[in-house]
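Below is the file start_1.cif, which contains mmCIF, C-alpha atoms.
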data_run
#
loop_
_atom_site.label_atom_id
_atom_site.label_comp_id
_atom_site.auth_asym_id
_atom_site.auth_seq_id
_atom_site.Cartn_x
_atom_site.Cartn_y
_atom_site.Cartn_z
CA MET A 1 -10.30 15.25 14.83
CA ASN A 2 -8.59 11.86 14.38
CA GLU A 3 -4.88 11.14 14.94
CA LYS A 4 -3.98 11.52 11.27
CA GLU A 5 -5.61 14.96 11.10
CA LEU A 6 -3.90 16.03 14.32
CA LEU A 7 -0.48 15.05 12.95
CA LEU A 8 -1.12 16.96 9.72
CA GLN A 9 -1.73 20.14 11.72
CA GLY A 10 1.95 20.05 12.73
CA PHE A 11 3.15 20.52 9.11
CA ASP A 12 3.78 23.91 7.55
CA PRO A 13 1.42 24.36 4.54
CA ILE A 14 2.10 24.90 0.85
CA SER A 15 -0.56 26.21 -1.53
CA LEU A 16 -1.81 24.53 -4.68
CA ASP A 17 -0.30 27.33 -6.78
CA GLU A 18 3.10 26.89 -5.13
CA MET A 19 2.87 23.12 -5.57
CA SER A 20 2.06 23.43 -9.28
CA GLY A 21 5.33 25.29 -9.77
CA ILE A 22 7.38 22.28 -8.65
CA LYS A 23 8.44 20.41 -11.79
CA LEU A 24 10.19 17.05 -11.44
CA MET A 25 11.55 16.64 -14.96
CA ASN A 26 13.69 13.52 -14.54
CA ARG A 27 12.01 11.63 -11.77
CA ILE A 28 11.80 8.22 -10.14
CA ASP A 29 8.37 7.00 -8.96
CA THR A 30 8.21 4.40 -6.18
CA LYS A 31 5.13 3.02 -4.36
CA TYR A 32 4.81 1.68 -0.83
CA VAL A 33 1.87 0.03 0.94
CA MET A 34 1.69 0.08 4.74
CA PRO A 35 -0.74 -0.33 7.65
CA MET A 36 -2.20 2.88 9.03
CA CYS A 37 -0.24 2.74 12.30
CA LYS A 38 3.01 2.90 10.30
CA LEU A 39 1.66 5.83 8.31
CA LEU A 40 1.10 7.69 11.58
CA GLN A 41 4.71 6.97 12.54
CA LEU A 42 5.86 8.20 9.13
CA LEU A 43 3.97 11.48 9.53
CA GLN A 44 5.58 11.98 12.95
CA LEU A 45 9.03 11.50 11.41
CA ALA A 46 8.34 13.71 8.37
CA VAL A 47 6.88 16.78 10.05
CA HIS A 48 10.10 18.82 10.14
CA ASP A 49 11.32 17.99 6.62
CA TYR A 50 8.11 18.34 4.56
CA LEU A 51 5.34 20.80 3.74
CA VAL A 52 1.74 19.67 3.28
CA GLN A 53 -0.47 20.86 0.44
CA GLU A 54 -3.48 22.78 1.73
CA VAL A 55 -6.57 23.54 -0.37
CA ASP A 56 -9.30 25.70 1.17
CA GLY A 57 -8.12 24.72 4.65
CA GLU A 58 -8.10 20.99 3.87
CA ARG A 59 -4.97 18.84 4.09
CA ASP A 60 -6.47 15.37 3.62
CA ILE A 61 -8.39 15.86 0.40
CA PRO A 62 -11.17 13.63 -1.02
CA TYR A 63 -10.82 12.20 -4.55
CA HIS A 64 -13.25 10.23 -6.70
CA THR A 65 -12.13 8.23 -9.74
CA VAL A 66 -14.01 6.26 -12.40
CA TYR A 67 -11.96 3.91 -14.60
CA LEU A 68 -13.02 3.28 -18.18
CA ASP A 69 -12.12 0.09 -20.04
CA THR A 70 -13.26 -2.04 -22.95
CA ASP A 71 -15.92 -4.70 -22.42
CA ASP A 72 -13.22 -7.38 -22.40
CA MET A 73 -11.04 -5.31 -20.02
CA LYS A 74 -8.05 -4.89 -22.32
CA MET A 75 -6.41 -2.22 -20.16
CA PHE A 76 -6.83 -4.25 -16.97
CA HIS A 77 -5.31 -7.36 -18.56
CA ALA A 78 -2.37 -5.40 -20.00
CA HIS A 79 -1.53 -4.07 -16.56
CA ALA A 80 -2.26 -7.24 -14.57
CA SER A 81 -0.13 -9.34 -16.93
CA GLY A 82 2.84 -7.02 -16.40
CA ARG A 83 2.95 -5.59 -19.91
CA ARG A 84 5.33 -2.62 -19.90
CA VAL A 85 3.47 -0.63 -22.57
CA ARG A 86 0.01 0.03 -21.21
CA GLU A 87 -2.69 2.64 -20.82
CA LYS A 88 -5.24 3.83 -18.29
CA ILE A 89 -8.29 6.00 -18.97
CA ARG A 90 -10.13 7.54 -16.05
CA VAL A 91 -12.38 10.40 -14.98
CA ARG A 92 -11.11 11.93 -11.75
CA THR A 93 -12.88 14.47 -9.55
CA TYR A 94 -10.92 16.59 -7.09
CA GLU A 95 -13.79 17.08 -4.67
CA SER A 96 -12.35 19.96 -2.66
CA SER A 97 -12.17 22.12 -5.81
CA ALA A 98 -15.13 20.44 -7.59
CA MET A 99 -12.96 20.00 -10.69
CA THR A 100 -13.28 16.93 -12.93
CA PHE A 101 -10.87 15.75 -15.63
CA LEU A 102 -10.81 13.07 -18.29
CA GLU A 103 -7.29 11.66 -17.98
CA VAL A 104 -5.12 9.31 -20.02
CA LYS A 105 -1.99 7.74 -18.55
CA ASN A 106 0.37 5.99 -20.95
CA LYS A 107 3.42 4.00 -19.86
CA ASN A 108 6.10 3.32 -22.47
CA HIS A 109 8.60 0.47 -22.82
CA ARG A 110 11.12 2.38 -20.70
CA GLY A 111 8.68 2.58 -17.79
CA ARG A 112 8.08 6.32 -18.21
CA THR A 113 4.54 7.52 -17.58
CA GLU A 114 2.93 10.40 -19.46
CA LYS A 115 -0.37 11.86 -18.27
CA LYS A 116 -2.64 14.11 -20.31
CA ARG A 117 -6.04 15.45 -19.34
CA ILE A 118 -8.87 17.81 -20.21
CA LYS A 119 -11.38 19.44 -17.93
CA VAL A 120 -14.94 18.07 -18.19
CA PRO A 121 -18.10 18.83 -16.21
CA SER A 122 -18.64 15.19 -15.15
CA LEU A 123 -18.45 11.57 -16.27
CA HIS A 124 -21.66 12.06 -18.20
CA GLY A 125 -21.52 13.94 -21.46
CA LEU A 126 -17.85 13.27 -22.26
CA GLU A 127 -18.66 13.18 -25.97
CA GLU A 128 -20.22 16.63 -25.87
CA HIS A 129 -17.23 18.12 -24.06
CA GLY A 130 -14.33 17.04 -26.24
CA GLY A 131 -13.82 13.49 -24.99
CA THR A 132 -13.97 11.90 -28.45
CA GLU A 133 -11.30 14.17 -29.91
CA PHE A 134 -9.14 14.00 -26.78
CA LEU A 135 -9.01 10.19 -26.76
CA PHE A 136 -8.47 10.08 -30.53
CA GLU A 137 -5.36 12.24 -30.11
CA ASN A 138 -3.98 10.75 -26.89
CA ALA A 139 -5.28 7.20 -26.34
CA ARG A 140 -5.22 3.83 -28.02
CA PHE A 141 -8.95 3.38 -27.49
CA ALA A 142 -11.84 5.48 -28.78
CA LEU A 143 -14.52 6.85 -26.48
CA ASP A 144 -17.15 4.53 -27.97
CA GLU A 145 -14.91 1.52 -27.21
CA VAL A 146 -14.81 2.08 -23.44
CA SER A 147 -17.30 2.32 -20.59
CA PRO A 148 -17.18 2.77 -16.77
CA GLN A 149 -15.97 -0.38 -14.99
CA LEU A 150 -14.79 0.57 -11.50
CA GLU A 151 -14.86 3.58 -9.22
CA ASN A 152 -13.06 4.43 -6.03
CA ASN A 153 -13.06 7.08 -3.34
CA PHE A 154 -10.07 7.94 -1.20
CA GLN A 155 -8.40 10.65 0.85
CA ARG A 156 -5.08 12.09 -0.37
CA ILE A 157 -2.32 13.92 1.50
CA THR A 158 0.36 15.56 -0.65
CA LEU A 159 3.75 16.41 0.85
CA VAL A 160 6.75 18.16 -0.69
CA ASN A 161 10.21 18.27 0.80
CA LYS A 162 11.63 21.66 1.72
CA GLY A 163 14.25 21.34 -1.01
CA ARG A 164 11.41 21.02 -3.60
CA THR A 165 13.04 17.93 -5.15
CA GLU A 166 10.38 15.37 -4.31
CA ARG A 167 6.64 15.02 -3.93
CA VAL A 168 4.88 12.39 -1.82
CA THR A 169 1.22 11.37 -2.17
CA ILE A 170 -0.45 9.38 0.62
CA ASP A 171 -3.79 7.72 -0.16
CA SER A 172 -5.96 6.15 2.54
CA GLU A 173 -9.60 5.31 3.33
CA ILE A 174 -9.83 3.71 -0.12
CA VAL A 175 -13.20 2.25 -1.11
CA PHE A 176 -13.65 0.26 -4.33
CA HIS A 177 -17.00 -0.09 -6.10
CA ASN A 178 -17.46 -2.36 -9.11
CA LEU A 179 -19.88 -0.67 -11.52
CA LYS A 180 -20.75 -3.95 -13.27
CA ASN A 181 -21.70 -6.21 -10.33
CA ASP A 182 -22.33 -3.47 -7.71
CA VAL A 183 -19.86 -5.00 -5.21
CA THR A 184 -18.23 -2.55 -2.78
CA VAL A 185 -15.07 -3.28 -0.78
CA ASP A 186 -13.53 -1.04 1.90
CA PHE A 187 -9.72 -1.25 1.70
CA GLU A 188 -9.52 -0.26 5.34
CA ARG A 189 -6.50 0.37 7.59
CA ILE A 190 -4.10 0.56 4.63
CA ALA A 191 -2.22 3.52 3.15
CA VAL A 192 -0.61 3.73 -0.28
CA VAL A 193 2.39 6.06 -0.47
CA GLU A 194 3.95 7.16 -3.76
CA LEU A 195 7.31 8.89 -3.77
CA LYS A 196 8.14 11.01 -6.83
CA ARG A 197 11.65 12.41 -6.72
CA GLU A 198 14.38 13.73 -8.96
CA LYS A 199 16.98 11.14 -9.85
CA LYS A 200 20.06 11.19 -7.58
CA SER A 201 18.39 13.58 -5.14
CA ASP A 202 18.49 12.87 -1.41
CA SER A 203 15.15 11.77 0.02
CA PRO A 204 14.45 12.11 3.74
CA ILE A 205 11.27 10.06 3.47
CA PHE A 206 13.08 7.24 1.67
CA SER A 207 15.30 6.90 4.74
CA MET A 208 12.27 7.12 7.05
CA LEU A 209 10.50 4.30 5.20
CA LYS A 210 13.63 2.20 5.50
CA GLN A 211 13.72 2.97 9.23
CA LEU A 212 10.10 1.74 9.52
CA HIS A 213 10.94 -1.46 7.55
CA VAL A 214 8.55 -0.56 4.72
CA SER A 215 9.68 -1.84 1.32
CA SER A 216 8.50 -0.75 -2.12
CA THR A 217 5.86 -2.71 -4.01
CA GLY A 218 3.71 -2.46 -7.12
CA PHE A 219 0.18 -1.20 -6.55
CA SER A 220 -2.54 -0.20 -9.01
CA LYS A 221 -5.85 1.00 -7.57
CA TYR A 222 -7.56 -0.11 -10.77
CA CYS A 223 -6.14 -3.64 -10.79
CA MET A 224 -6.52 -4.17 -7.06
CA GLY A 225 -10.05 -2.76 -7.11
CA CYS A 226 -11.04 -5.17 -9.89
CA ALA A 227 -9.50 -8.10 -8.00
CA TYR A 228 -11.15 -7.23 -4.68
CA THR A 229 -14.61 -6.81 -6.22
CA ASP A 230 -14.66 -9.64 -8.78
CA GLU A 231 -13.02 -13.07 -8.43
CA ALA A 232 -12.73 -13.30 -12.22
CA TYR A 233 -9.86 -10.79 -12.07
CA GLN A 234 -7.90 -12.40 -9.24
CA THR A 235 -4.67 -13.32 -11.00
CA LYS A 236 -1.98 -15.22 -9.12
CA LEU A 237 0.03 -12.03 -8.57
CA LEU A 238 -2.95 -10.00 -7.38
CA VAL A 239 -4.07 -12.78 -5.01
CA SER A 240 -0.60 -12.90 -3.44
CA ARG A 241 -0.79 -9.13 -2.88
CA MET A 242 -4.28 -9.42 -1.42
CA LYS A 243 -2.99 -11.96 1.10
CA ARG A 244 -0.08 -9.69 2.04
CA PHE A 245 -2.39 -6.69 2.47
CA HIS A 246 -4.77 -8.78 4.60
CA LYS A 247 -1.87 -9.58 6.93
CA MET A 248 -1.11 -5.85 7.16
CA GLN A 249 -4.73 -5.13 8.09
CA GLU A 250 -4.70 -7.82 10.79
CA TRP A 251 -1.38 -6.51 12.14
CA ASP A 252 -2.77 -2.99 12.24
CA ARG A 253 -5.92 -4.08 14.11
CA LYS A 254 -3.82 -5.86 16.75
CA HIS A 255 -1.45 -2.92 17.06
CA ARG A 256 -4.36 -0.47 17.42
CA PHE A 257 -6.00 -2.70 20.06
CA MET A 258 -2.75 -2.80 22.05
CA ARG A 259 -2.46 0.99 21.90
CA GLU A 260 -6.01 1.43 23.14
#
Once more with this new file: its structure as structure tokens, please.
Amino acid sequence: MNEKELLLQGFDPISLDEMSGIKLMNRIDTKYVMPMCKLLQLLQLAVHDYLVQEVDGERDIPYHTVYLDTDDMKMFHAHASGRRVREKIRVRTYESSAMTFLEVKNKNHRGRTEKKRIKVPSLHGLEEHGGTEFLFENARFALDEVSPQLENNFQRITLVNKGRTERVTIDSEIVFHNLKNDVTVDFERIAVVELKREKKSDSPIFSMLKQLHVSSTGFSKYCMGCAYTDEAYQTKLLVSRMKRFHKMQEWDRKHRFMRE
């Protein structure tokens, strides 16, 4: 059992059914990227204020995602160029429950994100299982206009505060695989934290992140995965983030070496 798993054992659990009952109707979403050693510090600080989602005894749960896009990568370019109105189409598998969904995420001009999904057996056979109709009703692109471009695997921890006013997802061990050129990149020693909380609600973890000198930043697994696996998609903004994340990885390696 590694240090992250040991720390998670100190949290009280919350079930998937209990978690699904927590509705954040008017929420603020904020992302943070940090080296793994700071994530371990964050978990130590959060243990008394948060519950951890547990599914079949697992608290650090594996996910697999395949992103669909047009041949000319319209959805990637909309996001990477900073367009406020944009869309993402993906097939996500929650490996602990063996459930797979075709999902559409739409962001409007106000920055609000709406996600819709349908259950499917797998990436293959989307047309036979309602994918055509689902995208026609909920997406800007038809099923025959998109194809798999990038996949990733990662581990996700989900926390909820004891007041049930915020949810925190923590993604780590992220691996990107480009389905066009077969390049694989391990985004090692980095964690991506997303805080989803009701507006005007107090957030213990917000204060903890501030204490650890971790500031918010934009982060899209799809955009970063494309940039890491294909130089053609390395925009100026994405390259600057790649450099910053590389410094985090180097800092984490040095910090881990000093601890050992």
Discussion item. I'd like the residues picked by the PyMOL selection byres ((chain A and resi 68) around 6) written out as a list in words, using the chain letters and numbers from the file.
Written reply: Tyr67, Asp69, Ile89, Arg90, Val146, Ser147, Pro148 and Gln149 of chain A
The PyMOL selection byres ((chain A and resi 157-170) around 7) on the file shown: which residues, as a compact mmCIF listing (two decimals) with C-alpha atoms, in the coordinates of the input?
# COMPACT_ATOMS: atom_id res chain seq x y z
CA ILE A 22 7.38 22.28 -8.65
CA LEU A 24 10.19 17.05 -11.44
CA ASP A 49 11.32 17.99 6.62
CA TYR A 50 8.11 18.34 4.56
CA LEU A 51 5.34 20.80 3.74
CA VAL A 52 1.74 19.67 3.28
CA GLN A 53 -0.47 20.86 0.44
CA ARG A 59 -4.97 18.84 4.09
CA ASP A 60 -6.47 15.37 3.62
CA ILE A 61 -8.39 15.86 0.40
CA GLN A 155 -8.40 10.65 0.85
CA ARG A 156 -5.08 12.09 -0.37
CA ASP A 171 -3.79 7.72 -0.16
CA SER A 172 -5.96 6.15 2.54
CA ALA A 191 -2.22 3.52 3.15
CA VAL A 192 -0.61 3.73 -0.28
CA VAL A 193 2.39 6.06 -0.47
CA GLU A 194 3.95 7.16 -3.76
CA LEU A 195 7.31 8.89 -3.77
CA LYS A 196 8.14 11.01 -6.83
CA ARG A 197 11.65 12.41 -6.72
CA GLU A 198 14.38 13.73 -8.96
CA SER A 201 18.39 13.58 -5.14
Practice prompt. Given the file shown, determine the residues that the PyMOL selection byres ((chain A and resi 32) around 12) selects; report them as number ranges by chain.
Written response: A: 29-31, 33-35, 38-39, 42, 168-171, 190-196, 205-206, 209-210, 212-220, 245
Discussion item. From the options A:Met75, A:Leu40, A:Val85, A:Met19, which residue's atoms come nearest to Leu7 of chain A, counting only C-alpha atoms?
Written reply: A:Leu40
Worksheet item: Using all atoms listed in the file, which residue out of A:Val91, A:Met99, A:Val104, A:Leu16 lies closest to Gly125 of chain A?
Response: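 Looking only at the distances to Gly125 of chain A, the closest residue turns out to be A:Val91.
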Discussion item. As an exercise, work out the distance from atom CA of Phe176 of chain A to atom CA of Asn152 of chain A in Å and give it to one decimal place.
Written reply: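 Spanning atom CA of Phe176 of chain A to atom CA of Asn152 of chain A is a straight-line distance of 4.5 Å.
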